[in-house]
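Asks: Supplied structure: data-v8.txt, compact mmCIF, C-alpha atoms and all ligand atoms.
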```txt
# COMPACT_ATOMS: atom_id res chain seq x y z
CA MET A 1 -3.74 31.18 -19.20
CA ARG A 2 -2.10 31.31 -15.79
CA ASP A 3 1.39 30.12 -14.84
CA PHE A 4 1.47 27.19 -12.48
CA ILE A 5 3.73 24.92 -10.46
CA TYR A 6 3.00 21.24 -10.47
CA GLU A 7 4.41 18.79 -7.94
CA ILE A 8 2.95 15.57 -6.59
CA PRO A 9 5.47 13.97 -4.26
CA VAL A 10 3.38 10.81 -3.65
CA LYS A 11 4.74 7.43 -4.60
CA VAL A 12 1.88 5.24 -5.86
CA TYR A 13 1.87 1.46 -5.77
CA PHE A 14 -1.00 0.52 -8.05
CA GLY A 15 -2.41 -2.96 -8.56
CA ARG A 16 -2.98 -6.38 -7.04
CA GLU A 17 0.55 -7.47 -6.25
CA GLN A 18 2.09 -4.41 -4.62
CA PHE A 19 1.42 -5.25 -1.01
CA GLY A 20 4.86 -6.79 -0.53
CA HIS A 21 6.36 -3.27 -0.68
CA LEU A 22 4.46 -2.08 2.37
CA GLY A 23 6.99 -3.13 5.02
CA GLN A 24 9.87 -1.58 3.12
CA GLU A 25 7.93 1.69 2.56
CA LEU A 26 7.07 1.98 6.27
CA SER A 27 10.58 1.03 7.40
CA ARG A 28 12.02 4.07 5.59
CA HIS A 29 10.48 6.25 8.28
CA GLY A 30 11.26 4.31 11.45
CA LYS A 31 10.07 1.40 13.58
CA LYS A 32 6.88 2.55 15.27
CA VAL A 33 3.82 2.41 13.05
CA LEU A 34 0.40 3.75 14.00
CA LEU A 35 -2.28 1.91 12.02
CA ILE A 36 -5.35 4.16 11.64
CA TYR A 37 -8.70 2.92 10.39
CA GLY A 38 -12.43 3.55 10.51
CA GLY A 39 -15.41 1.64 11.80
CA GLY A 40 -14.09 -1.84 11.09
CA SER A 41 -14.68 -2.57 7.39
CA ILE A 42 -11.00 -3.51 7.11
CA LYS A 43 -11.50 -6.26 9.69
CA ARG A 44 -14.53 -7.64 7.86
CA THR A 45 -12.72 -7.68 4.52
CA GLY A 46 -9.57 -9.37 5.82
CA LEU A 47 -7.35 -6.42 4.90
CA TYR A 48 -6.52 -5.80 8.56
CA ASP A 49 -4.93 -9.26 8.91
CA LYS A 50 -2.88 -8.77 5.76
CA VAL A 51 -1.60 -5.39 6.96
CA VAL A 52 -0.65 -6.73 10.39
CA SER A 53 1.18 -9.64 8.80
CA GLU A 54 3.25 -7.30 6.55
CA ILE A 55 4.12 -5.13 9.54
CA GLU A 56 5.24 -8.17 11.52
CA LYS A 57 7.30 -9.49 8.60
CA ALA A 58 9.12 -6.16 8.43
CA ASP A 59 9.81 -6.35 12.17
CA LEU A 60 8.02 -3.08 12.91
CA LYS A 61 6.19 -2.19 16.10
CA LEU A 62 2.44 -1.82 15.63
CA TYR A 63 0.11 0.63 17.41
CA GLU A 64 -3.53 1.13 16.50
CA TYR A 65 -6.12 3.89 16.44
CA SER A 66 -9.56 2.95 15.11
CA GLY A 67 -13.07 4.34 14.95
CA ILE A 68 -12.51 7.25 12.57
CA GLU A 69 -16.00 8.40 11.59
CA PRO A 70 -17.19 9.21 8.05
CA ASN A 71 -16.92 13.03 8.03
CA PRO A 72 -14.09 12.68 10.58
CA ARG A 73 -14.30 14.59 13.84
CA ILE A 74 -11.70 16.85 15.34
CA ASP A 75 -11.87 14.91 18.59
CA SER A 76 -10.59 11.76 16.87
CA VAL A 77 -7.75 13.80 15.44
CA ARG A 78 -6.90 15.13 18.91
CA LYS A 79 -6.84 11.67 20.46
CA GLY A 80 -4.79 10.17 17.63
CA ALA A 81 -2.24 12.99 17.82
CA GLN A 82 -1.97 12.50 21.56
CA LEU A 83 -1.23 8.81 21.04
CA CYS A 84 1.47 9.69 18.49
CA LYS A 85 3.13 11.97 21.02
CA GLU A 86 2.90 9.54 23.93
CA GLU A 87 4.25 6.57 21.97
CA HIS A 88 6.76 8.53 19.84
CA ILE A 89 5.24 7.18 16.64
CA ASP A 90 7.47 7.34 13.53
CA VAL A 91 4.96 6.81 10.72
CA LEU A 92 1.19 6.76 10.28
CA LEU A 93 -0.47 4.08 8.16
CA ALA A 94 -4.01 5.14 7.19
CA VAL A 95 -6.13 2.30 5.83
CA GLY A 96 -9.54 3.35 4.53
CA GLY A 97 -11.37 6.03 2.59
CA GLY A 98 -11.00 9.79 2.60
CA SER A 99 -12.20 10.16 6.17
CA THR A 100 -9.50 7.94 7.63
CA ILE A 101 -6.78 9.45 5.46
CA ASP A 102 -7.85 13.03 6.22
CA ALA A 103 -7.91 12.35 9.96
CA ALA A 104 -4.45 10.77 9.73
CA LYS A 105 -3.13 13.87 7.96
CA TYR A 106 -4.14 16.19 10.77
CA MET A 107 -3.00 13.73 13.45
CA ALA A 108 0.38 13.73 11.69
CA ALA A 109 0.52 17.53 11.79
CA ALA A 110 -0.73 17.87 15.37
CA ALA A 111 1.78 15.28 16.57
CA CYS A 112 4.55 17.71 15.60
CA ALA A 113 3.01 20.82 17.17
CA ASP A 114 1.91 22.23 20.51
CA CYS A 115 -1.34 23.81 19.30
CA ASP A 116 -4.78 22.28 19.13
CA PRO A 117 -5.30 20.63 15.69
CA TRP A 118 -8.46 22.70 15.09
CA ASP A 119 -6.16 25.76 14.95
CA PHE A 120 -4.72 24.37 11.68
CA LEU A 121 -8.19 24.11 10.14
CA GLU A 122 -9.18 27.58 11.32
CA LYS A 123 -5.90 28.86 9.85
CA LYS A 124 -4.80 30.18 13.23
CA ALA A 125 -1.61 28.09 13.04
CA PRO A 126 0.33 26.90 9.97
CA VAL A 127 1.27 23.25 9.49
CA LYS A 128 5.04 23.48 9.84
CA GLU A 129 5.80 19.79 10.10
CA ALA A 130 4.00 16.46 9.98
CA LEU A 131 4.86 12.85 10.65
CA PRO A 132 5.16 10.77 7.46
CA ILE A 133 1.94 9.15 6.24
CA VAL A 134 1.47 6.02 4.13
CA THR A 135 -2.04 5.14 2.91
CA ILE A 136 -3.86 2.05 1.74
CA LEU A 137 -6.96 3.25 -0.09
CA THR A 138 -10.17 1.21 0.22
CA LEU A 139 -12.72 3.54 -1.43
CA ALA A 140 -12.37 5.45 -4.71
CA ALA A 141 -13.74 8.93 -4.13
CA THR A 142 -11.94 11.83 -2.49
CA GLY A 143 -8.42 11.64 -3.92
CA SER A 144 -7.00 12.20 -0.44
CA GLU A 145 -4.51 9.41 -1.21
CA MET A 146 -2.70 11.72 -3.62
CA ASP A 147 -3.43 15.25 -2.43
CA ALA A 148 -2.40 17.59 0.37
CA CYS A 149 -5.90 18.30 1.74
CA GLY A 150 -7.83 17.14 4.75
CA VAL A 151 -11.44 17.88 5.66
CA ILE A 152 -12.37 17.77 9.34
CA SER A 153 -15.68 18.33 11.14
CA ASN A 154 -16.32 19.97 14.47
CA PRO A 155 -19.77 18.89 15.68
CA GLU A 156 -19.70 21.36 18.57
CA THR A 157 -19.52 24.37 16.26
CA HIS A 158 -21.21 22.73 13.22
CA ASP A 159 -18.17 23.50 11.12
CA LYS A 160 -16.58 21.35 8.45
CA ILE A 161 -13.35 22.86 7.20
CA VAL A 162 -10.88 22.00 4.43
CA GLY A 163 -7.22 22.43 5.22
CA MET A 164 -4.24 22.07 2.98
CA SER A 165 -0.48 21.97 3.36
CA PRO A 166 2.29 20.44 1.25
CA LYS A 167 3.44 18.73 4.47
CA LEU A 168 0.28 16.58 4.34
CA PHE A 169 0.99 14.73 1.10
CA PRO A 170 1.21 11.01 1.83
CA LYS A 171 4.72 9.68 1.24
CA ALA A 172 3.30 6.60 -0.47
CA SER A 173 -0.16 5.28 -1.31
CA PHE A 174 -1.15 1.70 -2.06
CA LEU A 175 -3.95 1.55 -4.60
CA ASP A 176 -5.19 -1.99 -5.05
CA PRO A 177 -8.59 -1.95 -6.80
CA THR A 178 -9.50 -5.31 -5.22
CA ASN A 179 -9.59 -3.51 -1.85
CA THR A 180 -12.67 -1.65 -3.14
CA TYR A 181 -14.66 -4.78 -4.15
CA THR A 182 -16.54 -4.70 -0.84
CA VAL A 183 -17.57 -1.03 -1.01
CA SER A 184 -21.39 -0.88 -0.83
CA ALA A 185 -23.43 0.21 -3.84
CA TYR A 186 -24.34 3.41 -1.99
CA GLN A 187 -20.71 4.35 -1.19
CA THR A 188 -19.64 3.37 -4.72
CA ALA A 189 -22.29 5.75 -6.09
CA CYS A 190 -21.33 8.56 -3.70
CA GLY A 191 -17.66 8.05 -4.57
CA ALA A 192 -18.41 8.27 -8.29
CA ALA A 193 -20.40 11.47 -7.72
CA ASP A 194 -17.49 12.93 -5.75
CA ILE A 195 -14.96 12.15 -8.51
CA MET A 196 -17.31 13.60 -11.11
CA SER A 197 -17.75 16.72 -9.00
CA HIS A 198 -14.00 17.24 -8.55
CA VAL A 199 -13.63 17.32 -12.32
CA ILE A 200 -16.74 19.44 -12.91
CA GLU A 201 -15.59 22.05 -10.38
CA THR A 202 -12.36 22.45 -12.33
CA TYR A 203 -13.80 22.08 -15.84
CA PHE A 204 -16.63 24.62 -15.49
CA ASN A 205 -14.39 27.65 -15.33
CA MET A 206 -14.73 30.42 -17.90
CA GLU A 207 -11.04 31.40 -17.90
CA ASP A 208 -8.87 30.36 -20.83
CA GLY A 209 -7.05 27.18 -20.00
CA LEU A 210 -5.16 24.32 -21.58
CA TYR A 211 -7.00 22.42 -24.29
CA MET A 212 -5.10 19.25 -23.35
CA LEU A 213 -6.39 19.49 -19.79
CA ASP A 214 -9.98 19.93 -20.98
CA CYS A 215 -9.55 16.75 -23.04
CA PHE A 216 -8.05 14.97 -20.03
CA MET A 217 -10.98 16.04 -17.85
CA GLU A 218 -13.49 14.92 -20.46
CA GLY A 219 -11.73 11.55 -20.46
CA LEU A 220 -11.96 11.36 -16.67
CA MET A 221 -15.69 12.16 -16.73
CA GLN A 222 -16.33 9.63 -19.51
CA THR A 223 -14.46 7.07 -17.43
CA VAL A 224 -16.70 7.62 -14.41
CA VAL A 225 -19.86 7.57 -16.55
CA LYS A 226 -18.72 4.31 -18.19
CA PHE A 227 -17.40 2.40 -15.19
CA ALA A 228 -19.49 3.44 -12.18
CA PRO A 229 -22.52 1.50 -13.47
CA VAL A 230 -20.28 -1.52 -14.16
CA ALA A 231 -18.96 -1.44 -10.57
CA LEU A 232 -22.54 -1.21 -9.29
CA ARG A 233 -23.69 -4.19 -11.37
CA ASP A 234 -20.56 -6.23 -10.86
CA PRO A 235 -18.69 -5.09 -7.69
CA GLU A 236 -15.73 -7.38 -8.35
CA ASN A 237 -15.07 -6.13 -11.86
CA TYR A 238 -11.36 -5.29 -11.71
CA GLU A 239 -11.33 -3.06 -14.77
CA ALA A 240 -14.18 -0.91 -13.42
CA ARG A 241 -12.75 -0.62 -9.90
CA ALA A 242 -9.27 0.14 -11.28
CA ASN A 243 -10.56 2.89 -13.56
CA LEU A 244 -12.57 4.49 -10.76
CA MET A 245 -9.64 4.29 -8.37
CA TRP A 246 -7.11 5.94 -10.67
CA ALA A 247 -9.68 8.51 -11.79
CA SER A 248 -10.31 9.43 -8.14
CA SER A 249 -6.62 10.21 -7.63
CA TRP A 250 -6.21 12.21 -10.85
CA ALA A 251 -9.40 14.22 -10.39
CA ILE A 252 -7.91 16.18 -7.50
CA ASN A 253 -4.15 15.74 -7.38
CA GLY A 254 -3.57 19.16 -8.92
CA PHE A 255 -2.84 18.04 -12.48
CA ILE A 256 -6.13 19.12 -14.06
CA SER A 257 -6.19 22.56 -12.46
CA GLY A 258 -3.01 23.79 -14.17
CA GLY A 259 -3.46 27.04 -16.07
CA ARG A 260 -6.71 28.22 -14.45
CA SER A 261 -7.70 29.70 -11.12
CA HIS A 262 -8.72 27.15 -8.50
CA LEU A 263 -12.34 28.04 -7.87
CA TRP A 264 -14.59 25.60 -6.05
CA SER A 265 -18.33 26.02 -6.01
CA CYS A 266 -20.38 23.00 -4.93
CA HIS A 267 -17.73 21.76 -2.48
CA PRO A 268 -17.79 24.73 -0.09
CA ILE A 269 -21.58 24.65 -0.28
CA GLU A 270 -21.75 20.89 0.32
CA HIS A 271 -19.44 21.09 3.32
CA GLU A 272 -22.05 23.29 5.02
CA LEU A 273 -24.69 20.59 4.43
CA SER A 274 -22.43 17.90 5.90
CA ALA A 275 -21.50 20.15 8.82
CA ILE A 276 -25.10 20.35 10.00
CA TYR A 277 -26.70 17.18 8.65
CA ASP A 278 -23.67 14.83 8.56
CA ILE A 279 -24.74 13.58 5.12
CA THR A 280 -22.40 11.68 2.80
CA HIS A 281 -20.22 14.12 0.87
CA GLY A 282 -20.86 12.61 -2.60
CA LEU A 283 -24.61 12.55 -2.07
CA GLY A 284 -24.70 16.25 -1.19
CA LEU A 285 -22.62 17.04 -4.29
CA ALA A 286 -24.90 15.00 -6.55
CA ILE A 287 -27.94 16.96 -5.37
CA LEU A 288 -26.26 20.36 -5.65
CA THR A 289 -24.25 20.09 -8.87
CA PRO A 290 -27.01 19.97 -11.53
CA ARG A 291 -28.88 22.77 -9.74
CA TRP A 292 -25.76 24.94 -9.57
CA MET A 293 -25.21 24.30 -13.27
CA GLU A 294 -28.79 25.22 -14.07
CA TYR A 295 -28.55 28.40 -11.99
CA CYS A 296 -25.33 29.53 -13.68
CA LEU A 297 -26.34 28.76 -17.26
CA ASN A 298 -26.53 31.93 -19.38
CA GLU A 299 -25.26 33.40 -22.66
CA ARG A 300 -21.81 33.98 -21.14
CA THR A 301 -21.35 30.44 -19.82
CA VAL A 302 -23.26 28.34 -22.38
CA SER A 303 -20.19 27.48 -24.47
CA LYS A 304 -18.71 25.40 -21.64
CA TYR A 305 -21.92 23.41 -21.21
CA TYR A 306 -22.00 22.86 -24.97
CA GLN A 307 -18.46 21.49 -24.90
CA PHE A 308 -19.33 19.28 -21.90
CA GLY A 309 -22.57 17.98 -23.43
CA THR A 310 -21.18 17.17 -26.85
CA ARG A 311 -17.89 15.67 -25.69
CA VAL A 312 -18.82 13.86 -22.47
CA PHE A 313 -22.38 12.79 -23.23
CA GLY A 314 -22.13 12.74 -27.04
CA ILE A 315 -25.07 15.12 -27.57
CA ASP A 316 -25.64 16.09 -31.21
CA ALA A 317 -23.29 19.06 -31.86
CA SER A 318 -25.57 20.50 -34.53
CA LEU A 319 -28.20 21.43 -31.95
CA GLU A 320 -28.49 24.97 -30.56
CA PRO A 321 -25.90 25.54 -27.78
CA MET A 322 -28.63 26.34 -25.22
CA THR A 323 -30.49 23.13 -26.12
CA VAL A 324 -27.28 21.10 -25.73
CA ALA A 325 -26.59 22.81 -22.40
CA ARG A 326 -30.02 21.98 -20.96
CA LYS A 327 -29.80 18.41 -22.26
CA SER A 328 -26.35 18.02 -20.65
CA ILE A 329 -27.78 18.99 -17.25
CA GLU A 330 -30.60 16.48 -17.77
CA LEU A 331 -28.15 13.70 -18.65
CA LEU A 332 -25.94 14.49 -15.67
CA SER A 333 -28.99 14.38 -13.37
CA GLU A 334 -30.02 11.09 -14.93
CA PHE A 335 -26.54 9.73 -14.25
CA PHE A 336 -26.59 10.76 -10.58
CA PHE A 337 -30.19 9.92 -9.76
CA LYS A 338 -31.11 7.04 -12.10
CA THR A 339 -27.88 5.27 -13.02
CA LEU A 340 -26.21 5.71 -9.63
CA GLY A 341 -29.55 5.58 -7.80
CA LEU A 342 -28.81 8.51 -5.47
CA LYS A 343 -31.56 10.51 -3.81
CA SER A 344 -32.21 13.70 -5.72
CA THR A 345 -33.68 16.26 -3.32
CA PHE A 346 -33.04 17.90 0.04
CA THR A 347 -36.50 16.80 1.14
CA GLU A 348 -35.56 13.14 0.71
CA VAL A 349 -32.39 13.50 2.78
CA GLY A 350 -33.99 15.68 5.47
CA ILE A 351 -32.31 19.03 4.75
CA GLN A 352 -34.64 21.80 5.91
CA LYS A 353 -35.34 25.29 4.69
CA LYS A 354 -34.82 26.80 8.13
CA ASP A 355 -31.04 26.28 7.74
CA PHE A 356 -30.70 27.71 4.21
CA ALA A 357 -29.75 31.26 5.16
CA HIS A 358 -27.17 30.17 7.71
CA MET A 359 -25.57 27.54 5.43
CA ALA A 360 -25.51 29.92 2.45
CA GLN A 361 -23.98 32.68 4.54
CA LYS A 362 -21.22 30.35 5.76
CA ALA A 363 -20.56 28.91 2.29
CA CYS A 364 -19.74 32.35 0.92
CA GLU A 365 -18.04 33.39 4.16
CA GLY A 366 -20.48 36.25 4.49
CA ASP A 367 -19.36 37.80 1.22
CA VAL A 368 -18.97 36.15 -2.19
CA LEU A 369 -18.11 32.63 -3.26
CA GLN A 370 -15.95 32.87 -6.36
CA SER A 371 -17.27 30.06 -8.50
CA GLY A 372 -15.83 29.03 -11.86
CA LEU A 373 -19.09 30.09 -13.52
CA GLY A 374 -19.28 33.45 -11.77
CA PRO A 375 -19.49 34.87 -8.24
CA LEU A 376 -22.23 33.58 -5.93
CA LYS A 377 -23.64 35.69 -3.12
CA GLN A 378 -25.64 34.42 -0.18
CA GLU A 379 -28.94 35.04 -2.01
CA ASP A 380 -27.70 33.07 -5.05
CA ILE A 381 -26.79 30.09 -2.89
CA GLU A 382 -30.17 30.25 -1.16
CA LYS A 383 -31.85 30.15 -4.57
CA ILE A 384 -29.78 27.09 -5.50
CA PHE A 385 -30.93 25.49 -2.23
CA GLU A 386 -34.57 26.23 -3.15
CA MET A 387 -34.01 24.38 -6.44
CA CYS A 388 -32.80 21.33 -4.45
CA LEU A 389 -36.00 20.98 -2.39
O1 LIG B 401 -15.20 3.25 8.46
P1 LIG B 401 -15.21 1.95 7.74
O2 LIG B 401 -15.69 0.82 8.56
O3 LIG B 401 -13.91 1.67 7.06
O4 LIG B 401 -16.35 2.07 6.59
C1 LIG B 401 -16.32 3.07 5.58
C2 LIG B 401 -17.33 4.19 5.83
O5 LIG B 401 -18.43 3.73 6.55
C3 LIG B 401 -16.81 2.47 4.29
N1 LIG B 401 -15.76 1.80 3.53
C4 LIG B 401 -14.58 2.31 3.11
N2 LIG B 401 -13.91 1.39 2.40
C5 LIG B 401 -14.66 0.27 2.39
C6 LIG B 401 -15.83 0.53 3.11
N3 LIG B 401 -16.79 -0.42 3.31
C7 LIG B 401 -16.59 -1.63 2.75
N4 LIG B 401 -15.48 -1.94 2.02
C8 LIG B 401 -14.50 -1.03 1.82
N5 LIG B 401 -13.43 -1.33 1.07
O6 LIG B 401 -17.31 3.56 3.55
C9 LIG B 401 -17.82 4.55 4.44
C10 LIG B 401 -17.39 5.92 3.99
O7 LIG B 401 -16.00 6.08 4.15
P2 LIG B 401 -15.34 7.55 4.04
O8 LIG B 401 -13.88 7.42 4.24
O9 LIG B 401 -16.10 8.50 4.90
O10 LIG B 401 -15.69 7.96 2.53
P3 LIG B 401 -14.94 8.90 1.51
O11 LIG B 401 -13.72 8.27 0.98
O12 LIG B 401 -15.96 9.31 0.55
O13 LIG B 401 -14.47 10.16 2.40
C11 LIG B 401 -15.35 11.22 2.68
C12 LIG B 401 -14.64 12.32 3.46
O14 LIG B 401 -13.57 12.92 2.69
C13 LIG B 401 -13.78 14.35 2.56
C14 LIG B 401 -15.28 14.45 2.65
O15 LIG B 401 -15.71 15.76 2.92
C15 LIG B 401 -15.61 13.47 3.75
O16 LIG B 401 -15.35 14.02 5.01
N6 LIG B 401 -13.12 14.86 1.37
C16 LIG B 401 -11.77 14.88 1.35
C17 LIG B 401 -11.08 15.43 0.30
C18 LIG B 401 -9.61 15.49 0.28
N7 LIG B 401 -8.91 15.04 1.29
O17 LIG B 401 -9.02 15.96 -0.69
C19 LIG B 401 -11.74 16.06 -0.84
C20 LIG B 401 -13.16 15.66 -0.96
O18 LIG B 401 -13.81 16.61 -1.78
C21 LIG B 401 -13.90 15.52 0.33
O19 LIG B 401 -14.34 16.76 0.83
ZN ZN B 402 -15.24 15.99 -2.96
```
Could you write out this structure as structure tokens?

Replies:
Amino acid sequence: MRDFIYEIPVKVYFGREQFGHLGQELSRHGKKVLLIYGGGSIKRTGLYDKVVSEIEKADLKLYEYSGIEPNPRIDSVRKGAQLCKEEHIDVLLAVGGGSTIDAAKYMAAAACADCDPWDFLEKKAPVKEALPIVTILTLAATGSEMDACGVISNPETHDKIVGMSPKLFPKASFLDPTNTYTVSAYQTACGAADIMSHVIETYFNMEDGLYMLDCFMEGLMQTVVKFAPVALRDPENYEARANLMWASSWAINGFISGGRSHLWSCHPIEHELSAIYDITHGLGLAILTPRWMEYCLNERTVSKYYQFGTRVFGIDASLEPMTVARKSIELLSEFFFKTLGLKSTFTEVGIQKKDFAHMAQKACEGDVLQSGLGPLKQEDIEKIFEMCL
């Protein structure tokens, strides 16, 4: 088991009646607030009006930057950062899903630097400072509300890159499950697949780790399997939305990865799909994950699948480990493609064979992708792609 340091410096306001703290939280950082949001869902849901009213009550000065795209673009980050510099913004308020929050993170960093924000993503420049960020989460999925990562796309180069810096942790995040009542069935499903994938990426790791964290991860996965269908059937079910929301934060805030190496498999591969095809992150993960699991199943790895199958899906523990493992992949596929109703193949979402070699080569950075179930070379990733057709 590895040593680890654990620190999550994000203050979370969870629940229906926490909104009254917003003004006070923002005021800690100054007077000028830049409200950042996406394509307008917050106007349709009425959240925008509530936010503006809290900002006015706290006597703060409001600026706005809207139009952040799903799979946010570097150009939006550039423009937002420019606005922060011109108006001497004190604090960024990101209201939305992962895309809005991620874009806000890199605007916050670029506002304190002279370089182009893409340099941070390409690791040509470190994030030395960032303006403070407060978030109001409206979609349970990425965990960006409680982590230090941001994922930004560059359509010119067909790159989608993950960046990370402790400076990018939000100072505070407001998690009110009722703000997710209006999330469409499709985005609810993709969000659930993303949460599930964050846990699976960490759980399927053959190093020795902490038993208590395995149990915690199994609980998180059971929670998603139990409540995602409830949220789909009954979008205003508070218990379901609350469980998904808190699971999204805890699936990626660093807690579950203590004690093991941080190896990601389907995420780096999925980011290459999104970079070229601009598909929804959770959908790409749902298609890839069961195929990756199938590809990596062997005598060395079967014990983890057995543990997963018996504990998360309640498969009969007296069956042969290999039988349990195969059944667990079947049940996971059923969850993604039947229960959540997501498309199950590349063909259905328009991903073409002609791009396989290029995407696979980029996913392993021309060498090897160290996955929790074993190293993957370009040819392995191409074979996984073939299984997704
Ligand atoms: O833009 P608006 O109009 O707000 O609509 C959004 C968007 O169209 C809509 N939506 C959000 N909240 C809603 C709502 N519609 C109705 N009611 C609401 N309450 O949903 C659509 C998708 O939003 P988006 O923010 O793109 O989704 P998500 O939260 O899944 O974020 C995806 C992005 O995060 C990255 C992904 O790669 C992708 O770019 N990730 C970020 C991570 C991180 N920071 O740690 C980790 C993840 O693995 C992931 O890579
Ligand atoms: Zn993800």

Asks: Restrict the calculation to all atoms listed in the file, then for each residue of chain A with any atom at most 12 Å from an atom of ligand ZN 402 (chain B) give the closest atom pair and their distance in Å to one decimal, rows by chain and rising residue number, as CSV.

Replies:
```
residue,atom,partner,partner_atom,distance
A:Asn71,CA,B:ZN402,ZN,11.5
A:Gly98,CA,B:ZN402,ZN,9.3
A:Ser99,CA,B:ZN402,ZN,11.3
A:Ala140,CA,B:ZN402,ZN,11.1
A:Ala141,CA,B:ZN402,ZN,7.3
A:Thr142,CA,B:ZN402,ZN,5.3
A:Gly143,CA,B:ZN402,ZN,8.1
A:Ser144,CA,B:ZN402,ZN,9.4
A:Asp147,CA,B:ZN402,ZN,11.8
A:Cys149,CA,B:ZN402,ZN,10.7
A:Gly150,CA,B:ZN402,ZN,10.8
A:Val151,CA,B:ZN402,ZN,9.6
A:Val162,CA,B:ZN402,ZN,10.5
A:Cys190,CA,B:ZN402,ZN,9.6
A:Gly191,CA,B:ZN402,ZN,8.5
A:Ala192,CA,B:ZN402,ZN,9.9
A:Ala193,CA,B:ZN402,ZN,8.3
A:Asp194,CA,B:ZN402,ZN,4.7
A:Ile195,CA,B:ZN402,ZN,6.8
A:Met196,CA,B:ZN402,ZN,8.7
A:Ser197,CA,B:ZN402,ZN,6.6
A:His198,CA,B:ZN402,ZN,5.9
A:Val199,CA,B:ZN402,ZN,9.6
A:Ile200,CA,B:ZN402,ZN,10.6
A:Glu201,CA,B:ZN402,ZN,9.6
A:Thr202,CA,B:ZN402,ZN,11.7
A:Ser248,CA,B:ZN402,ZN,9.7
A:Ser249,CA,B:ZN402,ZN,11.4
A:Ala251,CA,B:ZN402,ZN,9.6
A:Ile252,CA,B:ZN402,ZN,8.6
A:Asn253,CA,B:ZN402,ZN,11.9
A:Trp264,CA,B:ZN402,ZN,10.1
A:Ser265,CA,B:ZN402,ZN,10.9
A:Cys266,CA,B:ZN402,ZN,8.9
A:His267,CA,B:ZN402,ZN,6.3
A:Pro268,CA,B:ZN402,ZN,9.5
A:Ile269,CA,B:ZN402,ZN,11.1
A:Glu270,CA,B:ZN402,ZN,8.8
A:His271,CA,B:ZN402,ZN,9.1
A:Ser274,CA,B:ZN402,ZN,11.6
A:Thr280,CA,B:ZN402,ZN,10.1
A:His281,CA,B:ZN402,ZN,6.6
A:Gly282,CA,B:ZN402,ZN,6.6
A:Leu283,CA,B:ZN402,ZN,10.0
A:Gly284,CA,B:ZN402,ZN,9.6
A:Leu285,CA,B:ZN402,ZN,7.6
A:Ala286,CA,B:ZN402,ZN,10.4
A:Thr289,CA,B:ZN402,ZN,11.5
```

Asks: For CA of Ala275 in chain A and CA of Thr182 in chain A, quote the distance in Å rounded to one decimal.

Replies: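 Taking CA of Ala275 in chain A and CA of Thr182 in chain A, their separation equals 27.1 Å.
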
Asks: In the coordinates of the file, take the point (-12.8, -1.3, -2.5) and a cut-off of 8 Å; then, counting all atoms listed in the file, name each qualifying protein, DNA or RNA residue as a list in words.

Replies: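 Those residues lying close to the given coordinates are Leu137, Thr138, Leu139, Ala140, Pro177, Thr178, Asn179, Thr180, Tyr181, Thr182, Val183 and Arg241 of chain A.
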
Asks: Taking only C-alpha atoms and all ligand atoms into account, name the residue in A:Val10, A:Leu340, A:Ala185, A:Ile351 that is nearest to ligand LIG 401 (chain B).

Replies: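 Looking at the shortest contact to ligand LIG 401 (chain B), the residue is A:Ala185.
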
Asks: Once you count only C-alpha atoms, what closest atom pair and distance in Å to one decimal does each residue of range 244-355 of chain A within 12 Å of range 229-235 of chain A have, with rows by chain and rising residue number, as a tab-separated table?

Replies:
```
residue	atom	partner	partner_atom	distance
A:Leu244	CA	A:Ala231	CA	8.7
A:Met245	CA	A:Ala231	CA	11.2
A:Phe335	CA	A:Pro229	CA	9.2
A:Phe336	CA	A:Pro229	CA	10.5
A:Phe337	CA	A:Pro229	CA	12.0
A:Lys338	CA	A:Pro229	CA	10.3
A:Thr339	CA	A:Pro229	CA	6.6
A:Leu340	CA	A:Pro229	CA	6.8
A:Gly341	CA	A:Leu232	CA	9.9
```

Asks: Near range 54-70 of chain A, within 8 Å and counting only C-alpha atoms, which residues show up once chain neighbours fewer than 3 positions away are dropped, as a PyMOL selection string?

Replies: chain A and resi 20+22-24+27+31-40+50-51+73+76+80+99-100+103+280

Asks: Store the residues picked out above, limited to C-alpha atoms, as an mmCIF file, in the frame of the given file.

Replies:
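The resulting file, again-v4.cif, is shown below:
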```cif
data_model
loop_
_atom_site.group_PDB
_atom_site.id
_atom_site.type_symbol
_atom_site.label_atom_id
_atom_site.label_comp_id
_atom_site.auth_asym_id
_atom_site.auth_seq_id
_atom_site.Cartn_x
_atom_site.Cartn_y
_atom_site.Cartn_z
ATOM 1 C CA GLY A 20 4.860 -6.790 -0.530
ATOM 2 C CA LEU A 22 4.460 -2.080 2.370
ATOM 3 C CA GLY A 23 6.990 -3.130 5.020
ATOM 4 C CA GLN A 24 9.870 -1.580 3.120
ATOM 5 C CA SER A 27 10.580 1.030 7.400
ATOM 6 C CA LYS A 31 10.070 1.400 13.580
ATOM 7 C CA LYS A 32 6.880 2.550 15.270
ATOM 8 C CA VAL A 33 3.820 2.410 13.050
ATOM 9 C CA LEU A 34 0.400 3.750 14.000
ATOM 10 C CA LEU A 35 -2.280 1.910 12.020
ATOM 11 C CA ILE A 36 -5.350 4.160 11.640
ATOM 12 C CA TYR A 37 -8.700 2.920 10.390
ATOM 13 C CA GLY A 38 -12.430 3.550 10.510
ATOM 14 C CA GLY A 39 -15.410 1.640 11.800
ATOM 15 C CA GLY A 40 -14.090 -1.840 11.090
ATOM 16 C CA LYS A 50 -2.880 -8.770 5.760
ATOM 17 C CA VAL A 51 -1.600 -5.390 6.960
ATOM 18 C CA ARG A 73 -14.300 14.590 13.840
ATOM 19 C CA SER A 76 -10.590 11.760 16.870
ATOM 20 C CA GLY A 80 -4.790 10.170 17.630
ATOM 21 C CA SER A 99 -12.200 10.160 6.170
ATOM 22 C CA THR A 100 -9.500 7.940 7.630
ATOM 23 C CA ALA A 103 -7.910 12.350 9.960
ATOM 24 C CA THR A 280 -22.400 11.680 2.800
#
```
